[in-house]
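Reading through the structure tokens given below for one structure.
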Protein chains: 2
Amino acid sequence: MELSMSANEDLAKERARCDFNVSEITNILDGGIERTKQRKKIESIALSNGKCRDVTPEETLGPKERYENAIRKSCLYTKIVKDQVLTLTGLEVLGSNSSVLRRTADAFFKDISPFLLHLGMFVPTIMGQGTPEQQSYWLPRALDFQIIGTYAQTELGHGTFIRGLETTATYDPDTEEFVIHNPRLTSYKWWAGGLGKTSNYCIVVAQLYTQGKCYGIHPFIVQIRDEDTHVPLPGVRVGEIGPRMGFNTADNGFLGFDHYRIPRNHMLMKNSQVLKDGTYVKVASHSKLTYGTMVFVRVMLVNEVAFNLAKAATIAVRYSAVRRQSEKISGEPEPQILDYVTQQHKLFVCIATAHALQLSSNWLWKTFSAVLADMRGGNTENLPELHALSSCLKALSTSDSAALIEQCRLACGGHGYMLSSNLPLLYSFVTATRTYEGDYTVLLLQTARFLIKAWEQAESGKPVTPTVSYMEEAVVGNKYKWNGSAEGIIKAAYYVAAGKISSSVASIRKRMKNGKAFEDAWELTGVQLVAAAETHCRAVICDVYRKETVRLTANSSPNVKTVMDQLNMLYLSHWALERTGDLLRYTSTTEDDIISCQQRYEELLAAIRPNAVGLVDAFDFPDEILQSTLGAYDGRVYERLMEEALKSPLNAEPVNRSFHQYLKPLMQGKL
Amino acid sequence: MELSMSANEDLAKERARCDFNVSEITNILDGGIERTKQRKKIESIALSNGKCRDVTPEETLGPKERYENAIRKSCLYTKIVKDQVLTLTGLEVLGSNSSVLRRTADAFFKDISPFLLHLGMFVPTIMGQGTPEQQSYWLPRALDFQIIGTYAQTELGHGTFIRGLETTATYDPDTEEFVIHNPRLTSYKWWAGGLGKTSNYCIVVAQLYTQGKCYGIHPFIVQIRDEDTHVPLPGVRVGEIGPRMGFNTADNGFLGFDHYRIPRNHMLMKNSQVLKDGTYVKVASHSKLTYGTMVFVRVMLVNEVAFNLAKAATIAVRYSAVRRQSEKISGEPEPQILDYVTQQHKLFVCIATAHALQLSSNWLWKTFSAVLADMRGGNTENLPELHALSSCLKALSTSDSAALIEQCRLACGGHGYMLSSNLPLLYSFVTATRTYEGDYTVLLLQTARFLIKAWEQAESGKPVTPTVSYMEEAVVGNKYKWNGSAEGIIKAAYYVAAGKISSSVASIRKRMKNGKAFEDAWELTGVQLVAAAETHCRAVICDVYRKETVRLTANSSPNVKTVMDQLNMLYLSHWALERTGDLLRYTSTTEDDIISCQQRYEELLAAIRPNAVGLVDAFDFPDEILQSTLGAYDGRVYERLMEEALKSPLNAEPVNRSFHQYLKPLMQGKL
């Protein structure tokens, strides 16, 4: 069988008919032409080095070989980009640059590098919670990869509820050491990436005890393996947690300590200190300052899932331009499946959502940088609202991305189920982000608490913060009259949020009137509260996406303006149609309004169709990063599927040995 | 670290508070006490034989070793249950008994057996499409496992649109043979389970050419490997297709022929024949009769996904009874997460849906058996409607089950992401069923075609078939007045379906009025049509679930009646609340109705809570079949997680060799 090497003609035609300047949109998504250049520079340094690329696909290896291969690639990749890493001197630079490094790493890891948490959590925690002295001691060693660290917080028995963590760090003033201990199985650390076999250092989050009193959870830097031999140190029990849905090259680990001693100054002491004699000193408002790292990580996650959703959309749209199916008219050639409105319905919202999340992430990053600058000046006023916002954006962006990546996979039919499409791995990677760093439901319930408070403030005529200012208008009870403009849909979305918050408040009050305590009434209203927080966050995303689209295309060429506006309107109409019940309940939307919204939505699908391939090309993924048989730029879909199939280890020999041992005896009745 | 062996106390308490007779519900779900006994008999034969159980978890093996292990287990399992298999003499018996065998097999295959399609497709196709002579030749050999077969229809370039298949079977009257050929890469067969390395026979679906004319696709039995050496025969190119999201022990394969010759009588000739001289003879209406096998496979699939959803619900509910998190009241012990209304909201609908689908599947099977009996008498009148019904039930049941299994996984937080929970594998297995044997969207569009025709009939006052009889009432345009009873919600669901069908018809007509041809207008209305078909099918499931619940609990003890009714009402209320927009648009439901429905839904969650563990116990899964660290009967969740982790091959040695080769040189700056 000879496999053709020529590129797919349908994709060439699609590119010829695209009516806008693709690189203009690339620049917008990257955050400006300069950042596009910077990204391409790092990509070209990394991709030109072939040594850390796979010859055998990693998913054809056993778990141990797969890990070893990932370590090989991680070390080589680190060497290539080390100069870039050494420039990361603080959270701001880390945020700007590490995401490009992280994204480029996808050319080498279909799954994930065991080093992910080294730059992703170990380094940021030291930056955010170490004193200047601690930073100057640990950061150069970490950024130069003289040590490799990870971050161990979650335990077998506790994840979300971190106040319940069971690992203890008890200060011993006689030796000026902390004694780290795990009293029972459920207190074992569990999940940290790179912990099982790779890291020799680890941030351990533990309950701090000193002078007989518990001061709650604090972070400690703990050496777990000998720097020279890598053998776990005495008193440390560490290992890998076994196969997972994704992250299978990340050696996620467990960790337990048996009265293990570390020096006093290994406690990260920017926010609180334990003095030599064991006195506990609070340096700064703990809760506000630790928000910093949490917000940072959440902003990075929104960015990360936007990136992965864009990959999935690229794969599914290109494949849908190549794949042909059915007869619309008897005797005519089979149409590209991208021509079916049901396929456009599945895919174009994915492109739009990738834009919405990427622009929201860029915007959130700018807001965060400004707040960080404020904090240097001692002003932490805006941090709580930013924290609340980053929580619900993290919840919604990870949940939306995971669902839409899966939608892309299902839209590719059976071939989407092949690992070589890369869609299953993208899904298993992104769906994990919905759980870690704050579970979806828990984060939305936190957001709901903030919203209910704000609602009560608005009710009593007190001023509220900017992201909930819509409540001031909604609280008087007028119903908003639908108008189909972008601004009208966004306003309706805010009214829906207000309506659902108001309903939740009514439910809580009714339950309290019937004798329930507030916390019980709150808990019983949980389903409604989560839904209310979700609609609030959806309104914010719609709003930010709209404003950023308008702002960023102010100087764009006309066709770029048009297609960006179409995508934005598609996103807004899509969500309006998903929430017709809410619109009918909480605004004055009518049946005719819904019908014309549906009609507009269908018109937008048709309008976007000719530019669909151009739009995914604008995400500008090198094939090496996309890693997909279905999504490669040249569209050699079937050829690549067969090329990958032939690499299966089962195809190395015509007859597998199990035939002689089992199959043949069975068929001959001799087993 | 010593791991406790004692069972979890919380689960014991849950079981003590369950107020109904668990085995009564088990019998209802099994289809009667006799079928429970039969199932337990087969389970005990199979489970008492330890030889085909794994010592090393299969997910810690490489792909080749995993396949070999699966063959070992398949052969041993086959030997154990062969006596049962030999009793399968026709589709009816196959349907009743093979599902028990298939379910019991889950004790040995976390993923899937390479033999799945042998009994699942190869045998049923011979039963459904072979002549009596062909059946008497092939079936004894197949049922005795003297040969192992699979079913190859899908090609690299064609799945859903089977008329477009490119494999050809050209009759040569000189030698009385068919020449099977694959003209190009896209015509290669792709996906068939057990095809890559295991099967020596295969049903191949190909375009039949005789006397210079193409007669469309027909099934052929083709030998692909030598029975003695297992080497692929000359002219046959066969291999494995590479790693997939699931089914990784099923050696899904590709297959291509180069002018490969088979005897004339290897065409399955029940419905059409090619005579010696090449004359094509149609014996029976092809389309109607081939429906038989398709309906059979779809009924089996509904049954299969109900079974797997029940597993996921069992795992998640038991885990939620063991897992404790947060403080509701400061200083109090952490509550079981099953006590949170948000968790109940995620899980109880899964139990209810598993019931809904299991009862629908049992009902569908009975209906199908009756139609099969009719067909023996020459009456095929009811087959088209049954086919339409089985199509949309297949679409919705697979889609619902996959989504809810994922909901169960997410409800288990990080631990749900461990393969040892079994939830990721259940998802990857069930999500595939949404695609194969008829893609979700395509099946619903087929259903929509049936519905639109029925609507037009109803409009013109002609009689319609039973499952769409609701249209006769709805077509006059009255709005249905909501009433909160079960029957009222079901009627509202039918009115919603009618409303959405009517809207779709209006859209199509509007487009035709604007000059579009019918097929174009249809295609442009695709998004609405899929939604309309989905609501129709939802109404049918609600209806069947209700009626079967009432019928099957007529003689049950009072508490069983109560809890089954609660689950049914929960399902109905859940779907009403998911579709408030539709209810407001297409019925006279009011805001107050919705509020009281929400309130009732929340009351049902509270009512079901004390019986939740009892309800999943009633699914009666032996631990061996459940295969889950989180879901085992004794609730030793954390102990089992650690036990499984310790089996990871990476934990066999304290320091992995990659440290010396890569990590250490990197850290010392010597790489």
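Following the order of the structure tokens, chains are lettered A, B, ..., residues in each are numbered from 1, and ligands are numbered from 1.
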Taking 3 positions as the minimum chain separation for residues in the same chain, which residues sit within 12 Å of Glu327 (chain A) when counting only C-alpha atoms? Answer as a CSV table (one decimal) with N, CA and C atoms, in the first residue's frame.
```csv
chain,number,residue,atom,x,y,z
A,324,ARG,N,-15.7,13.7,3.8
A,324,ARG,CA,-16.9,13.9,3.0
A,324,ARG,C,-17.9,12.8,3.4
A,330,SER,N,-28.8,13.3,-5.0
A,330,SER,CA,-28.5,12.0,-5.5
A,330,SER,C,-27.5,12.1,-6.7
A,331,GLY,N,-26.4,11.4,-6.7
A,331,GLY,CA,-25.5,11.4,-7.8
A,331,GLY,C,-24.4,12.5,-7.7
A,332,GLU,N,-24.6,13.5,-6.9
A,332,GLU,CA,-23.6,14.5,-6.6
A,332,GLU,C,-22.5,14.0,-5.7
A,333,PRO,N,-21.3,14.6,-5.8
A,333,PRO,CA,-20.3,14.1,-4.8
A,333,PRO,C,-20.7,14.3,-3.4
A,334,GLU,N,-20.1,13.5,-2.5
A,334,GLU,CA,-20.5,13.7,-1.1
A,334,GLU,C,-19.9,15.0,-0.6
A,335,PRO,N,-20.7,15.8,0.2
A,335,PRO,CA,-20.3,17.1,0.7
A,335,PRO,C,-19.2,16.9,1.8
A,336,GLN,N,-18.5,18.0,2.0
A,336,GLN,CA,-17.6,18.1,3.2
A,336,GLN,C,-18.5,18.1,4.4
A,337,ILE,N,-18.2,17.4,5.4
A,337,ILE,CA,-19.1,17.4,6.6
A,337,ILE,C,-19.2,18.8,7.2
A,339,ASP,N,-20.0,21.3,5.7
A,339,ASP,CA,-21.1,21.9,5.1
A,339,ASP,C,-22.4,21.7,5.8
A,340,TYR,N,-22.5,20.7,6.7
A,340,TYR,CA,-23.7,20.4,7.4
A,340,TYR,C,-23.9,21.4,8.6
B,160,THR,N,-20.9,6.2,8.7
B,160,THR,CA,-22.3,6.4,8.8
B,160,THR,C,-23.0,6.2,7.5
B,161,PHE,N,-22.4,6.7,6.4
B,161,PHE,CA,-23.1,6.7,5.1
B,161,PHE,C,-22.7,5.4,4.4
B,162,ILE,N,-23.4,4.3,4.8
B,162,ILE,CA,-22.9,3.0,4.3
B,162,ILE,C,-23.1,2.8,2.8
B,163,ARG,N,-24.1,3.5,2.2
B,163,ARG,CA,-24.2,3.4,0.8
B,163,ARG,C,-22.9,3.8,0.1
B,164,GLY,N,-22.1,4.6,0.7
B,164,GLY,CA,-20.8,5.1,0.1
B,164,GLY,C,-19.7,4.2,0.3
B,519,GLU,N,-34.8,19.6,0.3
B,519,GLU,CA,-33.6,19.1,0.9
B,519,GLU,C,-32.7,20.1,1.5
B,520,ASP,N,-32.6,21.3,0.8
B,520,ASP,CA,-31.8,22.4,1.4
B,520,ASP,C,-32.5,23.0,2.6
B,523,GLU,N,-31.9,20.6,5.4
B,523,GLU,CA,-30.5,20.6,5.9
B,523,GLU,C,-30.3,21.9,6.8
```
Which residues are close to Gly614 (chain A), i.e. within 12 Å by only C-alpha atoms, leaving aside same-chain residues fewer than 2 positions away? Reply as a tab-separated table (two decimals) with C-alpha atoms, in the first residue's frame.
```tsv
chain	number	residue	atom	x	y	z
A	11	LEU	CA	-8.05	22.46	2.55
A	12	ALA	CA	-6.23	24.42	-0.15
A	13	LYS	CA	-9.60	25.57	-1.51
A	14	GLU	CA	-10.76	26.56	1.96
A	15	ARG	CA	-7.66	28.66	2.45
A	16	ALA	CA	-8.11	30.33	-0.90
A	17	ARG	CA	-11.65	31.41	-0.03
A	18	CYS	CA	-10.82	32.81	3.42
A	19	ASP	CA	-11.49	36.55	3.16
A	20	PHE	CA	-9.49	37.99	6.06
A	21	ASN	CA	-5.85	38.41	6.97
A	22	VAL	CA	-5.08	35.37	9.12
A	23	SER	CA	-2.01	36.79	10.84
A	24	GLU	CA	-3.94	39.82	12.10
A	25	ILE	CA	-6.10	37.52	14.21
A	26	THR	CA	-3.06	35.52	15.32
A	313	ALA	CA	-11.23	23.20	17.32
A	314	THR	CA	-8.34	23.26	14.83
A	317	VAL	CA	-12.53	21.93	11.72
A	318	ARG	CA	-9.68	20.80	9.44
A	321	ALA	CA	-13.14	20.11	5.69
A	351	ILE	CA	-13.75	28.55	17.91
A	560	VAL	CA	-11.09	40.96	10.48
A	563	VAL	CA	-15.39	37.93	11.36
A	608	ILE	CA	-18.67	31.98	9.35
A	609	ARG	CA	-18.55	28.80	7.25
A	610	PRO	CA	-16.28	30.14	4.43
A	611	ASN	CA	-13.77	31.48	6.96
A	612	ALA	CA	-13.79	28.47	9.30
A	616	VAL	CA	-8.42	27.84	13.00
A	617	ASP	CA	-5.29	28.53	10.95
A	618	ALA	CA	-5.13	31.82	12.87
A	619	PHE	CA	-4.53	29.88	16.08
A	620	ASP	CA	-1.19	29.21	14.40
A	633	TYR	CA	-1.98	21.51	8.24
```
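The coordinates place CA of Ile625 (chain A) at 6.8 Å from CA of Thr104 (chain A).
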field: Option closest in space to Gly239 (chain A), from B:Ile203, B:Ala645, B:Leu666, B:Cys75 [counting only C-alpha atoms]
entry: B:Ala645
field: Test item: residues at most 10 Å from region 301-309 of chain A, only C-alpha atoms, excluding those fewer than 3 positions along its chain, as a PyMOL selection string
entry: chain A and resi 99+102-103+295-298+312-315+350-351+353-362+364-365+390+393-406+408+423+426-427+429-431+433-434+437+619+621+626
task: From the DSSP assignment of the backbone, select every residue of region 19-259 of chain A that is strand (DSSP E), and format the answer as a PyMOL selection string.
output: chain A and resi 149-152+168-172+177-181+189-190+201-210+213-223+236-240+253-257
task: Skip Asp634 (chain B) itself and residues of its chain fewer than 3 positions away, then list as a ChimeraX atom specification all residues within 9 Å of it, counting only C-alpha atoms.
output: /B:6-9,11-12,631,637
Region 245-249 of chain A: which residues within 9 Å, counting only C-alpha atoms, same-chain residues fewer than 6 positions away excluded, as a compact mmCIF listing (two decimals) with C-alpha atoms, in the first residue's frame?
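selection_20.txt, written as the output of this step:
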```txt
# COMPACT_ATOMS: atom_id res chain seq x y z
CA PRO A 63 3.91 2.86 31.87
CA LYS A 64 7.52 2.56 33.02
CA ARG A 66 6.69 5.95 28.99
CA TYR A 67 7.88 7.67 32.15
CA GLU A 68 11.53 7.12 31.28
CA ASN A 69 10.96 8.54 27.84
CA ALA A 70 9.24 11.57 29.37
CA ILE A 71 12.21 12.19 31.67
CA PHE A 109 4.82 15.66 25.36
CA ASP A 111 0.56 13.96 27.67
CA ILE A 112 2.57 16.00 30.16
CA SER A 113 6.09 16.55 31.46
CA PRO A 114 7.02 15.31 34.93
CA GLY A 193 2.80 15.72 39.68
CA GLY A 194 6.47 14.75 39.45
CA LEU A 425 -5.66 13.14 25.39
CA LEU A 426 -6.68 16.80 25.17
CA TYR A 427 -9.90 15.89 26.89
CA SER A 428 -8.34 13.87 29.67
CA PHE A 429 -5.87 16.65 30.30
CA ALA A 432 -8.63 17.28 35.15
CA GLY B 416 -12.47 9.54 40.14
CA TYR B 417 -9.59 10.32 37.79
CA MET B 418 -7.65 7.23 38.97
CA LEU B 419 -8.08 4.30 36.59
CA PRO B 424 -12.57 6.62 33.31
CA LEU B 425 -12.71 3.23 31.60
```
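Of the listed residues (A:Asn483, A:Leu605, A:Ala454, A:Ser199), A:Leu605 comes nearest to Gln343 (chain A); the distances count only C-alpha atoms.
Put simply, CA of Glu602 (chain B) is 9.9 Å away from CA of His574 (chain B).
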Enumerate the residues of region 78-229 of chain A with a DSSP assignment of helix (DSSP H, G or I), computed from the backbone, and present them as a short mmCIF file (atom, residue, chain, number, x, y, z; two decimals) with N, CA, C and O atoms, in the first residue's frame.
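File result.cif, as written:
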```cif
data_model
loop_
_atom_site.label_atom_id
_atom_site.label_comp_id
_atom_site.auth_asym_id
_atom_site.auth_seq_id
_atom_site.Cartn_x
_atom_site.Cartn_y
_atom_site.Cartn_z
N THR A 78 14.47 20.98 28.74
CA THR A 78 14.92 21.95 29.74
C THR A 78 16.24 22.58 29.33
O THR A 78 16.45 23.79 29.43
N LYS A 79 17.13 21.73 28.84
CA LYS A 79 18.43 22.24 28.42
C LYS A 79 18.27 23.27 27.29
O LYS A 79 18.91 24.33 27.30
N ILE A 80 17.38 22.95 26.36
CA ILE A 80 17.18 23.85 25.22
C ILE A 80 16.67 25.22 25.67
O ILE A 80 17.09 26.26 25.16
N VAL A 81 15.74 25.23 26.63
CA VAL A 81 15.06 26.50 26.95
C VAL A 81 15.59 27.14 28.24
O VAL A 81 15.02 28.12 28.71
N LYS A 82 16.68 26.59 28.78
CA LYS A 82 17.15 27.06 30.09
C LYS A 82 17.43 28.56 30.10
O LYS A 82 17.15 29.24 31.10
N ASP A 83 17.97 29.08 29.03
CA ASP A 83 18.27 30.52 28.99
C ASP A 83 17.00 31.34 29.19
O ASP A 83 17.01 32.37 29.85
N GLN A 84 15.89 30.84 28.61
CA GLN A 84 14.62 31.54 28.77
C GLN A 84 14.15 31.44 30.22
O GLN A 84 13.64 32.40 30.79
N VAL A 85 14.33 30.26 30.82
CA VAL A 85 13.85 30.05 32.18
C VAL A 85 14.58 30.96 33.16
O VAL A 85 13.99 31.50 34.09
N LEU A 91 6.67 36.72 39.60
CA LEU A 91 5.40 36.22 39.08
C LEU A 91 4.99 36.87 37.76
O LEU A 91 4.49 36.20 36.86
N GLU A 92 5.25 38.18 37.62
CA GLU A 92 4.83 38.86 36.39
C GLU A 92 5.53 38.27 35.16
O GLU A 92 4.90 37.92 34.18
N VAL A 93 6.88 38.17 35.26
CA VAL A 93 7.63 37.62 34.12
C VAL A 93 7.27 36.15 33.92
O VAL A 93 7.14 35.67 32.79
N LEU A 94 7.12 35.46 35.02
CA LEU A 94 6.76 34.04 34.94
C LEU A 94 5.45 33.88 34.17
O LEU A 94 5.33 33.04 33.28
N GLY A 95 4.48 34.70 34.52
CA GLY A 95 3.19 34.62 33.86
C GLY A 95 3.28 34.92 32.38
O GLY A 95 2.66 34.26 31.56
N SER A 96 4.08 35.94 32.03
CA SER A 96 4.18 36.30 30.62
C SER A 96 4.91 35.24 29.82
O SER A 96 4.56 34.95 28.68
N ASN A 97 5.97 34.69 30.39
CA ASN A 97 6.84 33.85 29.57
C ASN A 97 6.66 32.36 29.75
O ASN A 97 6.86 31.59 28.82
N SER A 98 6.30 31.94 30.96
CA SER A 98 6.30 30.50 31.16
C SER A 98 5.19 29.84 30.36
O SER A 98 5.31 28.69 29.97
N SER A 99 4.10 30.59 30.07
CA SER A 99 3.03 29.94 29.31
C SER A 99 3.50 29.62 27.89
O SER A 99 3.09 28.62 27.32
N VAL A 100 4.37 30.46 27.33
CA VAL A 100 4.90 30.14 26.01
C VAL A 100 5.78 28.90 26.08
O VAL A 100 5.70 27.99 25.23
N LEU A 101 6.59 28.80 27.12
CA LEU A 101 7.44 27.61 27.29
C LEU A 101 6.57 26.37 27.46
O LEU A 101 6.81 25.33 26.87
N ARG A 102 5.54 26.53 28.31
CA ARG A 102 4.63 25.42 28.57
C ARG A 102 3.95 24.96 27.28
O ARG A 102 3.83 23.77 27.00
N ARG A 103 3.52 25.93 26.48
CA ARG A 103 2.83 25.59 25.24
C ARG A 103 3.77 24.92 24.24
O ARG A 103 3.40 23.96 23.58
N THR A 104 4.98 25.43 24.16
CA THR A 104 5.93 24.84 23.23
C THR A 104 6.27 23.41 23.65
O THR A 104 6.51 22.54 22.82
N ALA A 105 6.25 23.16 24.95
CA ALA A 105 6.57 21.82 25.45
C ALA A 105 5.62 20.78 24.88
O ALA A 105 5.97 19.60 24.78
N LEU A 116 6.21 19.53 35.12
CA LEU A 116 5.16 20.56 35.03
C LEU A 116 5.04 21.41 36.29
O LEU A 116 4.98 22.64 36.22
N LEU A 117 5.02 20.77 37.44
CA LEU A 117 4.79 21.53 38.67
C LEU A 117 6.05 22.24 39.18
O LEU A 117 5.95 23.06 40.09
N HIS A 118 7.18 21.93 38.61
CA HIS A 118 8.39 22.63 39.03
C HIS A 118 8.24 24.13 38.72
O HIS A 118 8.30 24.96 39.63
N LEU A 119 8.00 24.46 37.45
CA LEU A 119 7.76 25.87 37.11
C LEU A 119 6.32 26.29 37.38
O LEU A 119 6.04 27.47 37.56
N GLY A 120 5.41 25.30 37.42
CA GLY A 120 4.00 25.65 37.54
C GLY A 120 3.55 25.93 38.98
O GLY A 120 2.63 26.71 39.19
N MET A 121 4.20 25.31 39.98
CA MET A 121 3.75 25.49 41.36
C MET A 121 4.92 25.70 42.34
O MET A 121 4.82 26.52 43.25
N PHE A 122 6.00 24.93 42.19
CA PHE A 122 7.11 25.02 43.14
C PHE A 122 7.71 26.43 43.10
O PHE A 122 7.77 27.13 44.12
N VAL A 123 8.10 26.86 41.93
CA VAL A 123 8.71 28.19 41.77
C VAL A 123 7.74 29.32 42.14
O VAL A 123 8.09 30.20 42.93
N PRO A 124 6.49 29.31 41.62
CA PRO A 124 5.58 30.40 42.00
C PRO A 124 5.31 30.47 43.51
O PRO A 124 5.14 31.56 44.04
N THR A 125 5.27 29.32 44.18
CA THR A 125 5.01 29.36 45.62
C THR A 125 6.18 30.02 46.36
O THR A 125 5.98 30.81 47.29
N ILE A 126 7.39 29.69 45.94
CA ILE A 126 8.55 30.35 46.56
C ILE A 126 8.50 31.86 46.28
O ILE A 126 8.72 32.68 47.16
N MET A 127 8.18 32.20 45.02
CA MET A 127 8.07 33.63 44.68
C MET A 127 7.00 34.32 45.51
O MET A 127 7.16 35.44 45.96
N GLY A 128 5.86 33.63 45.71
CA GLY A 128 4.73 34.27 46.36
C GLY A 128 4.80 34.21 47.87
O GLY A 128 4.26 35.08 48.55
N GLN A 129 5.48 33.21 48.45
CA GLN A 129 5.38 33.02 49.89
C GLN A 129 6.71 32.96 50.61
O GLN A 129 6.75 32.81 51.84
N PRO A 132 12.43 37.48 51.05
CA PRO A 132 13.48 37.81 50.07
C PRO A 132 14.72 36.92 50.25
O PRO A 132 15.30 36.46 49.27
N GLU A 133 15.09 36.62 51.50
CA GLU A 133 16.27 35.77 51.72
C GLU A 133 16.01 34.36 51.19
O GLU A 133 16.87 33.76 50.55
N GLN A 134 14.81 33.85 51.49
CA GLN A 134 14.47 32.50 51.01
C GLN A 134 14.45 32.47 49.49
O GLN A 134 14.95 31.54 48.86
N GLN A 135 13.89 33.52 48.90
CA GLN A 135 13.86 33.57 47.43
C GLN A 135 15.27 33.58 46.86
O GLN A 135 15.55 32.88 45.89
N SER A 136 16.14 34.37 47.48
CA SER A 136 17.48 34.47 46.89
C SER A 136 18.26 33.17 47.11
O SER A 136 19.18 32.86 46.36
N TYR A 137 17.87 32.39 48.11
CA TYR A 137 18.54 31.10 48.29
C TYR A 137 17.98 30.04 47.33
O TYR A 137 18.74 29.32 46.66
N TRP A 138 16.64 29.94 47.24
CA TRP A 138 16.02 28.82 46.52
C TRP A 138 15.83 29.07 45.03
O TRP A 138 15.98 28.14 44.21
N LEU A 139 15.47 30.30 44.66
CA LEU A 139 15.09 30.51 43.25
C LEU A 139 16.23 30.24 42.26
O LEU A 139 16.00 29.56 41.25
N PRO A 140 17.44 30.74 42.52
CA PRO A 140 18.49 30.45 41.53
C PRO A 140 18.72 28.95 41.35
O PRO A 140 18.90 28.47 40.23
N ARG A 141 18.68 28.21 42.45
CA ARG A 141 18.88 26.76 42.34
C ARG A 141 17.73 26.12 41.55
O ARG A 141 17.95 25.22 40.74
N ALA A 142 16.51 26.59 41.81
CA ALA A 142 15.34 25.98 41.14
C ALA A 142 15.33 26.36 39.65
O ALA A 142 15.09 25.50 38.79
N LEU A 143 15.58 27.63 39.35
CA LEU A 143 15.50 28.07 37.96
C LEU A 143 16.64 27.49 37.12
O LEU A 143 16.53 27.34 35.91
N ILE A 162 -9.14 22.41 52.53
CA ILE A 162 -7.74 22.34 52.94
C ILE A 162 -7.55 22.57 54.44
O ILE A 162 -6.56 22.13 55.00
N ARG A 163 -8.53 23.20 55.09
CA ARG A 163 -8.39 23.33 56.53
C ARG A 163 -8.37 21.96 57.22
O ARG A 163 -7.90 21.82 58.33
N GLY A 164 -8.91 20.96 56.53
CA GLY A 164 -8.97 19.62 57.13
C GLY A 164 -7.72 18.77 56.90
O GLY A 164 -7.68 17.61 57.31
N LEU A 185 -3.27 6.86 57.30
CA LEU A 185 -3.27 6.67 55.84
C LEU A 185 -3.91 7.85 55.11
O LEU A 185 -3.39 8.32 54.10
N THR A 186 -5.06 8.31 55.60
CA THR A 186 -5.76 9.39 54.88
C THR A 186 -4.95 10.69 54.84
O THR A 186 -5.28 11.58 54.07
N SER A 187 -3.91 10.79 55.68
CA SER A 187 -3.12 12.03 55.69
C SER A 187 -1.99 12.00 54.67
O SER A 187 -1.29 12.99 54.48
#
```
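Nearest residue to Ser272 (chain A) among A:Thr36, A:Thr131, A:Phe145, A:Val299 is A:Thr131, counting only C-alpha atoms.
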message: Report as a PyMOL selection string all protein, DNA and RNA residues lying within 12 Å of Arg261 (chain B), evaluated on only C-alpha atoms, omitting residues in the same chain fewer than 3 positions from it.
response: chain B and resi 168-172+175-181+220-224+233-236+257-258+264-267
message: Nearest residue to His415 (chain B) out of A:Phe115, A:Phe518, A:Trp190, A:Phe108, using only C-alpha atoms?
response: A:Trp190
- prompt: Expressed in Å to a single decimal, how great is the separation between CA of Met667 (chain A) and CA of Arg225 (chain B)?
  reply: 13.2 Å
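For the choices B:His387, B:Lys110, B:Lys51, B:Arg237, the atom-to-atom distance to chain A is smallest for B:Arg237 when using only C-alpha atoms.
Using only C-alpha atoms, the nearest neighbour of chain B within the list A:Gly216, A:Gly438, A:Gly414, A:Pro263 is A:Gly414.
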